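Taking it in order: structure first as structure tokens, then the write-up.
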Amino acid sequence: MAHVSVRNVSRSFGAHKALDDVSIDFPDGGFYALLGPSGSGKTTLLRLIAGFDFPDEGQIAIDGDSVERVPVEKRRIGMMFQNYALFPNMSVRDNVGFGLSVRGEPRHKMAAEVQAALDLVQLGSLGERRPHQLSGGQRQRVALARAFVTRPRVLLLDEPLSALDKALRVDMQFELKRIQREIGITTIFVTHDQEEALTMSDRIGILRDGRLVQEGPPDETYERPGSAFAATFLGDANICEGIAIEGGIRLANGTEINIEKPVKGCTRCAIRPERIRIATSGAPIPAGDNRLHGTILRRVFAGNIITYFVDCSGLELKVLVQNDGSIQPYINDAVRLHWSKASTVPIVSD
Amino acid sequence: MTRLLEWLGRGFLGLLLAFLYLPLVIMGVMSFNRSPFYQLPIDWSTTWYSQLFANAQLMSATWNSVTIAVTTTIIATALGTAASIALFRNEFPGKRILQVLLFPPIAIPWLITGTAMLVFFFWVGIGRGPHAILLGHVALALPYVIVVVSARLQTFDPQLEEAARSLGANQWQVTRRITLPWIMPGVIAGALFAFAVSFDQFVVSYFLATPGQATLPVEIYAAIRKGFTPEINAVSTIIVVISMALMLLTARFFSFGGER
Ligand SMILES: Nc1ncnc2c1ncn2[C@@H]1O[C@H](COP(=O)(O)OP(=O)(O)OP(=O)(O)O)[C@@H](O)[C@H]1O
Ligand SMILES: [Mg+2]
């Protein structure tokens, strides 16, 4: 159990600022997902917390104590590397047991713990194999078992499940979450999969070009993105731009969009595609809803969901519709779109 | 066409092996010939071997050579491996210059190195003798070990050391359990080089040896100057057999050039 705090941390490589004044509190026993495009500094941040690298500015503390002078091996962290970094000269069993054996744990106790960890990641029968005899997904699970078997204070996972197929991935997500909750390890988790981030974590942080652009619990982060980037990176969003008016925005085509909690001078808003409804002809539209007329440009069928791209006099909106068996519009149909004021999020920055 | 090429290739390989091994084989056979003048047919006997074991000078020179070569191998391999790992792990100003400077001693003729060492050792008061030979051999062998071990380290993923440290291993545990096992084939190859450089060494040993304390090559050279005796064949045969056995054993345990 440990609380990790990162305060005003910056790290540059040459002229490139990989991290720029980042401050994050990773709550004790929490599951924190770090999201961000490639090269945004996620791995760099993990390496600083692990102690492989040192910040140019700022402090990192674990349980309130600065770790500036604490070497990696004394920080009691578990790290899972993006490319696994399994020891090629050791069997799977010895890989997983390495952390216990350098601590001088008795042999029989170690064997039992290693076996339990291997069983947890469903590799119980592959203990004698060498890493090069495993598939990508199996290697990933060995790396995961190796990282948590020592019961570290902080678990740092760099895209731990990216090589797994959907079913195994869901299994592992569940197991990971269970292990994490059981041992109560503070976990920092880098992922490219937004669904994974949303379903697994207690908090989400979004990095962009080395800066933390958004932070909070998953629902809040999703519902109230602060920037156009956050809105489109975590989930999908329609961004409408116009001029600021009282209570909303007026688009170039003259339509006014009302916002429930308007921000003064704000010229943009975001609407999630699943919040927009297509009104069946003649059906009433709830009072107060924003409404637009449009024509369907494209339709993408994905089984349970149908995505429509609708042209509303120059503004193209993406709309998600559940394939619930009702009659769905087709290309070139004229439709009426509506969504609530509460679903319209003001966007104040890029 | 391809069959012809194949046969040509095999023929070439056969010639190459014959060229390499024929002199050694003849020497070996002659060491068992009673006639000191290489007379045929061969009159098999082990008389030269018993004479060799009775020759105190040759025997002590052999012993000197073996102890110096083994000590050189141990010191040069340990120092060279440590230096290679240090060069691999750390960035410091002047590192590249240091690495580049490791190569010239390999190319400088031993005659020149030997003269330079002799002059230098006298100047600083080390003088001549087995200790000077040992010092000289370690200096000669060190670049070989560093070059060979560093080449192996190039294939080592430094992230493995990070992973080990994150699991709680200290510097020594990381080195012993992660880094060394990976570079071991390089270390063994480096050790063989060091042994060969020392055991084969004539020029530098000749300059640094004191009478009665010479190494085997120096002693053989002196003996040949006085007049060739087939005892030399005998001692050479023993050495060839032992070194080949050593090489084959290591080659069996460590497959060079390929991943295991
Ligand atoms: N050792 C280094 N030397 C120079 N530049 C580096 C170094 N490590 C990282 N960088 C740079 O810092 C930036 C952030 O890198 P980082 O590895 O943290 O990205 P990331 O968010 O983990 O990306 P990905 O999702 O692709 O893994 C990148 O532009 C990268 O090129
Ligand atoms: Mg990364």
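Just so we're on the same page: first chain in the structure tokens is A, next is B, and so on; residues restart at 1 for each chain, and ligands are numbered from 1 in the order they show up.
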### Contacts of stretch 197-209 of chain B at 8 Å (only C-alpha atoms; same-chain gap of 6+ positions) as a ChimeraX atom specification
/B:65-66,68-69,72-73,110-111,113-115,118,127-130,132-133,136-138,140-141,215,217-218
#### Entry: Shell around stretch 150-158 of chain B at 6 Å using only C-alpha atoms, local window under 6 positions removed, as JSON, numbers by chain
{"B": [84, 183, 186]}
Saved selection, atoms kept: N, CA and C atoms, as a PDB file, in the first residue's frame:
```pdb
ATOM      1  N   SER B  84      34.898  -4.177 -19.541  1.00  0.00           N
ATOM      2  CA  SER B  84      33.882  -4.172 -20.600  1.00  0.00           C
ATOM      3  C   SER B  84      32.516  -3.811 -20.040  1.00  0.00           C
ATOM      4  N   ILE B 183      26.910 -12.990 -21.120  1.00  0.00           N
ATOM      5  CA  ILE B 183      28.156 -12.728 -21.841  1.00  0.00           C
ATOM      6  C   ILE B 183      29.161 -13.866 -21.671  1.00  0.00           C
ATOM      7  N   GLY B 186      31.310 -15.012 -24.492  1.00  0.00           N
ATOM      8  CA  GLY B 186      32.326 -14.008 -24.798  1.00  0.00           C
ATOM      9  C   GLY B 186      33.476 -14.057 -23.809  1.00  0.00           C
TER      10      GLY B 186
END
```
### Surrounding residues of A:Thr150 excluding itself and chain neighbours under 6 positions, 8 Å, only C-alpha atoms, as an NGL selection string
(:A and (78 or 99-100)) or (:B and (167))
Selection above as a file: C-alpha atoms, as a compact mmCIF listing (two decimals), in the first residue's frame:
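The result, stored in out26.txt:
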```txt
# COMPACT_ATOMS: atom_id res chain seq x y z
CA GLY A 78 7.19 -3.96 -9.61
CA GLY A 99 12.61 -11.28 -7.27
CA LEU A 100 11.95 -13.70 -4.41
CA LEU B 167 12.84 -6.90 -8.72
```
### Query
For chain B, which residues have at least one atom within 7 Å of chain A, if we go by only C-alpha atoms? Write them as JSON, numbers by chain, please.
{"B": [159, 160, 163, 165, 166, 167, 168, 169, 170, 182]}
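Proximal residues of ligand 1 are Phe13, Ala18, Pro37, Ser38, Gly39, Ser40, Gly41, Lys42, Thr43 and Thr44 of chain A, by a cut-off of 6 Å on only C-alpha atoms and all ligand atoms.
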### Message
Can you tell me, as number ranges by chain, which residues in stretch 71-195 of chain A count as alpha helix (DSSP H) by DSSP?
### Response
A: 92-102, 107-120, 136-148, 166-183, 194-195
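Atom CA of B:Ile188 lies 8.9 Å from atom CA of B:Val149.
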### Message
Need to verify the contact set: B:Leu79, 9 Å, only C-alpha atoms, exclusion of same-chain residues closer than 5 positions in sequence. Can you return it as a VMD selection string?
### Response
chain B and resid 74 84 142 145 to 146
### Task
Name the residues in contact with stretch 221-228 of chain B at a cut-off of 10 Å, using only C-alpha atoms, excluding same-chain residues fewer than 4 positions from it; report them as a PyMOL selection string.
chain B and resi 36-37+57-58+202+206+214+216-217+232-233
